[in-house]
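Here's the structure we're looking at; comments come further down.
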Amino acid sequence: MKRGGVVELTGAEIFVQCLQDEGVEYLFGYPGGAVLYIYDALYKQDQIRHILVRHEQGATHAADGYARSTGKPGVVLVTSGPGATNAVTGIATAYMDSVPLVVFTGQVMTHLIGDDAFQEVDAIGITRPCVKHSFMVKDVRELAVTIRRAFHVATTGRPGPVVVDIPKDITAQKTDYVFPADPTLRSYKPVTQWDPQGIRKASEILLEAKRPMVYTGGGVILGNGADELTALVRWLGAPCTNTLMGLGAFPASDPLFVGMLGMHGTYEANMAMHECDVLLAIGARFDDRVTGDLDKFCPHARIIHVDIDPASIQKNVAVEVAVIGDARGVMRDMLSALQASGRRLDKDALAHWWRQIGVWRARDCLRYDRDNVDVIKPQYVLEALHRLTRGDAFITSDVGQHQMWTAQFYHFDKPRRWINSGGLGTMGFGLPAAIGVQLAHPGDTVVCVTGEASIQMCIQELSTCKQYDLPIKIVNLNNRYMGMVRQWQEFFYQSRYSHSYMEALPDFVKLAESYGHTGLRIDRRGDVEAALKEALARRDRLVFLDFITDQTENVYPMIAAGAGHHEMHLSPDRELA
Amino acid sequence: MRHIISILLENEAGALSRVAGLFSARGYNIESLTVAPTEDPTLSRMTLVTSGPEAVVDQIRKQLNKLVDVVKLVDLMEGQRIEREMLLIKVRADNGGERDEIKRLADIFRGRIIDVTESAYTIELTGDGGKLDAFIAVIHPRRILEVVRSGVIGIARGEEIACRLSA
């Protein structure tokens, strides 16, 4: 009913209208009793495309992949009870990697809340530790502004997932709809300005550096700061390393890039961390997988830390200068301050530093038995994949050895191309995430690198891929083991492979075919390249490539948990002296 | 070191559980926590006493500030402050001598007897935690029937307004 430009709508219609007004393209979801009014409203429109997943975990990961690859929020709709609990793993995954998601959970009727009603669960309570914020809608008149605020909170500051719990009766009630102009909350003020004093101090320290090092994380990608980072690093002439979450923020093909750091980082990156005299950390949180033993972390360095989250500053590592702000803006200002100084870093010292890095690089820490033609080395598959996609594909991964090898061997030159669960380490992430990525980038090559253990955790989404004709390429590095578990058991549990062998594996080729896709099994090294080429050429369909790989290959280098950056294990033929 | 953190919180369902959940999830220590609505019904005042090394308390403040429901936060230890806690204590007092002595002790501590039966007194006492501890210590443990403490509340001294929405 229209009255003076104001329309009276049901809660379900308001929900749909709000999403349209937020510019939502895709809604990943699964219907159920508590959200049937909303699904009815979705039925009557065609602006938002609903993607029906096969399990709510898939919905959250797909929305997550969409968000990571586009920078736009991912949106999820699930029903109450099991719908909400199934979504929790995906919400926690997004939370740990600061991905903007808005997750709508249906809830039982208001008058039934607290009665242990059918499919009732305290969704707000269950998700509380793994959301940036959450809202329960108690009045249909609050629905529109709550949705607006949910998008605002999810996408600003340090991004993160926001849950909005909507009781079923709210979606049936009617009220006037006006798109709320102001999404702000008095209690939520993300950082928009930073301290110029901190920038000046940081610039002075950088200019005095003899052995500078730039270490950046997911914050540079989330903050769209790749260009600013590249300009800053090139001006400094300093080596740059990225965390697992930060890969692609600085071009891997640039000679200033020394590879990923941390537990499975390169020898040169970790040694440069250990020996640098000034460390510039941007959008990174000094995670334990990155720092190793904190007492041995960067023992010679003055540390500058740039982060949008004040709580990340001085959390794990004491730093000399902290700048709280948006990575992109701070880097831009920092470069301006450096350029305005009229000074440059000590040229001779830099040359000396690079000679040292060259010595570390010469260890060729990622070398593997490339010439072995008897088995398929997983690294070989990834090198071929990188070559055949010219390094320009969107790559999602699951969690484990294949994830680390992809990070090491697929050299990302662009941000938002590398989509993986870093913080939570969620097996099952890769395939549904690829769904979100492929929908967002229909013309691009999207590859899910996975293993035979991880892929089975969300394998049901092969059905979703068929329904929406998503031509994802699945590279399954099948070593018949939970590889990373096996590796730890070999190193730290005297090769007692307790429950890490994957028995009773399905025939992945037939499995893929039964879902209507193409499956290929590759068990000879000589067939790797041809199979990849064939799969990549099939732009119209999903191809599941089941590579039967070497069972015993391990990820090197490796820093054991609790060791320092200089205490790396290289592969057995090049163990440190 | 001990810290008294005064928080203005959105007076909404779930806000308290976010604060409490933060402390349990991150393993922070809470000594006491009090919460009640303010003169502005949309806001609650929470006073939280915690202790730990400076770096941990710094994290506690930052993590609390990150909660969307937290409107304002002040660590009262940063300035001059007044802190108060209320004690309600029920003690056995069933003979004349005992009853006189407890009455005298209550007077010395400026406590008030707020309920009387033939065999027990209930005393109300306010002060800082140390004063309440001292009062409890002078009463023989066998006489103490029940102790209820409110947890600490605090306010900045003088004209300083430590934690108000518009401040």
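Simple scheme: letters A, B, ... for chains in structure tokens order, numbers from 1 for residues in each chain, numbers from 1 for ligands in the order shown.
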
Distance query Gln314 (chain A) at most 9 Å, only C-alpha atoms, self and fewer than 4 positions along chain excluded, as a PyMOL selection string: (chain A and resi 305+310+318-319+322) or (chain B and resi 55+58-59)

Keeping only C-alpha atoms, write the selected residues to a file as a CSV table (one decimal), in the first residue's frame.
chain,number,residue,atom,x,y,z
A,305,HIS,CA,53.1,-2.0,13.0
A,310,PRO,CA,43.8,-1.4,17.9
A,318,ALA,CA,55.9,-5.3,21.5
A,319,VAL,CA,56.3,-2.7,18.8
A,322,ALA,CA,52.1,1.7,15.9
B,55,ALA,CA,49.9,-6.1,28.7
B,58,ASP,CA,45.7,-3.4,27.9
B,59,GLN,CA,44.3,-6.2,25.7

Could you tell me which residues of chain A sit within 9 Å of chain B when counting only C-alpha atoms, and give me the result as a VMD selection string? chain A and resid 124 to 125 128 to 129 132 to 133 136 153 185 to 189 309 to 315

May I have the selected residues written with N, CA and C atoms, as a PDB file, in the first residue's frame?
ATOM      1  N   ILE A 124      22.123 -16.555  18.354  1.00  0.00           N
ATOM      2  CA  ILE A 124      22.955 -15.426  18.777  1.00  0.00           C
ATOM      3  C   ILE A 124      23.990 -15.914  19.790  1.00  0.00           C
ATOM      4  N   GLY A 125      23.547 -16.757  20.709  1.00  0.00           N
ATOM      5  CA  GLY A 125      24.459 -17.258  21.735  1.00  0.00           C
ATOM      6  C   GLY A 125      25.523 -18.178  21.155  1.00  0.00           C
ATOM      7  N   ARG A 128      28.063 -16.134  19.151  1.00  0.00           N
ATOM      8  CA  ARG A 128      28.629 -14.931  19.778  1.00  0.00           C
ATOM      9  C   ARG A 128      30.160 -14.863  19.756  1.00  0.00           C
ATOM     10  N   PRO A 129      30.858 -15.962  20.070  1.00  0.00           N
ATOM     11  CA  PRO A 129      32.332 -15.823  20.081  1.00  0.00           C
ATOM     12  C   PRO A 129      32.953 -15.734  18.693  1.00  0.00           C
ATOM     13  N   LYS A 132      31.599 -10.605  14.454  1.00  0.00           N
ATOM     14  CA  LYS A 132      31.987  -9.241  14.798  1.00  0.00           C
ATOM     15  C   LYS A 132      30.876  -8.613  15.630  1.00  0.00           C
ATOM     16  N   HIS A 133      29.643  -8.891  15.236  1.00  0.00           N
ATOM     17  CA  HIS A 133      28.504  -8.429  16.018  1.00  0.00           C
ATOM     18  C   HIS A 133      27.283  -9.241  15.587  1.00  0.00           C
ATOM     19  N   MET A 136      19.419  -9.399  17.122  1.00  0.00           N
ATOM     20  CA  MET A 136      18.149 -10.137  17.112  1.00  0.00           C
ATOM     21  C   MET A 136      17.073  -9.103  16.809  1.00  0.00           C
ATOM     22  N   VAL A 153      28.364  -2.674   9.732  1.00  0.00           N
ATOM     23  CA  VAL A 153      29.344  -3.225  10.680  1.00  0.00           C
ATOM     24  C   VAL A 153      30.221  -4.282   9.994  1.00  0.00           C
ATOM     25  N   LEU A 185      26.019   3.476  14.161  1.00  0.00           N
ATOM     26  CA  LEU A 185      25.655   3.181  15.544  1.00  0.00           C
ATOM     27  C   LEU A 185      26.518   4.074  16.440  1.00  0.00           C
ATOM     28  N   ARG A 186      25.934   4.591  17.508  1.00  0.00           N
ATOM     29  CA  ARG A 186      26.708   5.500  18.363  1.00  0.00           C
ATOM     30  C   ARG A 186      27.882   4.790  19.023  1.00  0.00           C
ATOM     31  N   SER A 187      27.759   3.462  19.152  1.00  0.00           N
ATOM     32  CA  SER A 187      28.793   2.735  19.872  1.00  0.00           C
ATOM     33  C   SER A 187      29.821   2.114  18.935  1.00  0.00           C
ATOM     34  N   TYR A 188      29.731   2.384  17.654  1.00  0.00           N
ATOM     35  CA  TYR A 188      30.637   1.754  16.691  1.00  0.00           C
ATOM     36  C   TYR A 188      31.245   2.819  15.792  1.00  0.00           C
ATOM     37  N   LYS A 189      32.520   3.087  16.018  1.00  0.00           N
ATOM     38  CA  LYS A 189      33.179   4.132  15.239  1.00  0.00           C
ATOM     39  C   LYS A 189      34.488   3.604  14.678  1.00  0.00           C
ATOM     40  N   ASP A 309      42.988  -2.496  13.494  1.00  0.00           N
ATOM     41  CA  ASP A 309      42.395  -2.965  14.748  1.00  0.00           C
ATOM     42  C   ASP A 309      43.324  -2.642  15.915  1.00  0.00           C
ATOM     43  N   PRO A 310      42.915  -1.718  16.789  1.00  0.00           N
ATOM     44  CA  PRO A 310      43.790  -1.356  17.914  1.00  0.00           C
ATOM     45  C   PRO A 310      44.168  -2.572  18.758  1.00  0.00           C
ATOM     46  N   ALA A 311      43.268  -3.567  18.804  1.00  0.00           N
ATOM     47  CA  ALA A 311      43.535  -4.730  19.648  1.00  0.00           C
ATOM     48  C   ALA A 311      44.629  -5.627  19.057  1.00  0.00           C
ATOM     49  N   SER A 312      44.976  -5.425  17.786  1.00  0.00           N
ATOM     50  CA  SER A 312      46.079  -6.206  17.206  1.00  0.00           C
ATOM     51  C   SER A 312      47.437  -5.635  17.605  1.00  0.00           C
ATOM     52  N   ILE A 313      47.428  -4.359  17.989  1.00  0.00           N
ATOM     53  CA  ILE A 313      48.681  -3.683  18.316  1.00  0.00           C
ATOM     54  C   ILE A 313      49.145  -4.135  19.706  1.00  0.00           C
ATOM     55  N   GLN A 314      50.407  -4.475  19.808  1.00  0.00           N
ATOM     56  CA  GLN A 314      51.028  -4.907  21.080  1.00  0.00           C
ATOM     57  C   GLN A 314      50.355  -6.162  21.644  1.00  0.00           C
ATOM     58  N   LYS A 315      49.637  -6.919  20.815  1.00  0.00           N
ATOM     59  CA  LYS A 315      48.963  -8.106  21.341  1.00  0.00           C
ATOM     60  C   LYS A 315      49.962  -9.236  21.570  1.00  0.00           C
TER      61      LYS A 315
END

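Closest approach to Gly130 (chain B) among B:Val35, B:Leu87, B:Leu76, B:Ile7 is made by B:Leu87 (distances from only C-alpha atoms).
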
What does the distance from CA of Tyr39 (chain A) to CA of Arg68 (chain A) come to in Å, to one decimal?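 Spanning CA of Tyr39 (chain A) to CA of Arg68 (chain A) is a straight-line distance of 26.1 Å.
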
Write out as number ranges by chain each polymer residue whose atoms come within 12 Å of Val138 (chain B), counting only C-alpha atoms; drop sequence neighbours fewer than 4 positions from it. B: 91, 101-102, 104-106, 108-109, 131-134, 142-144
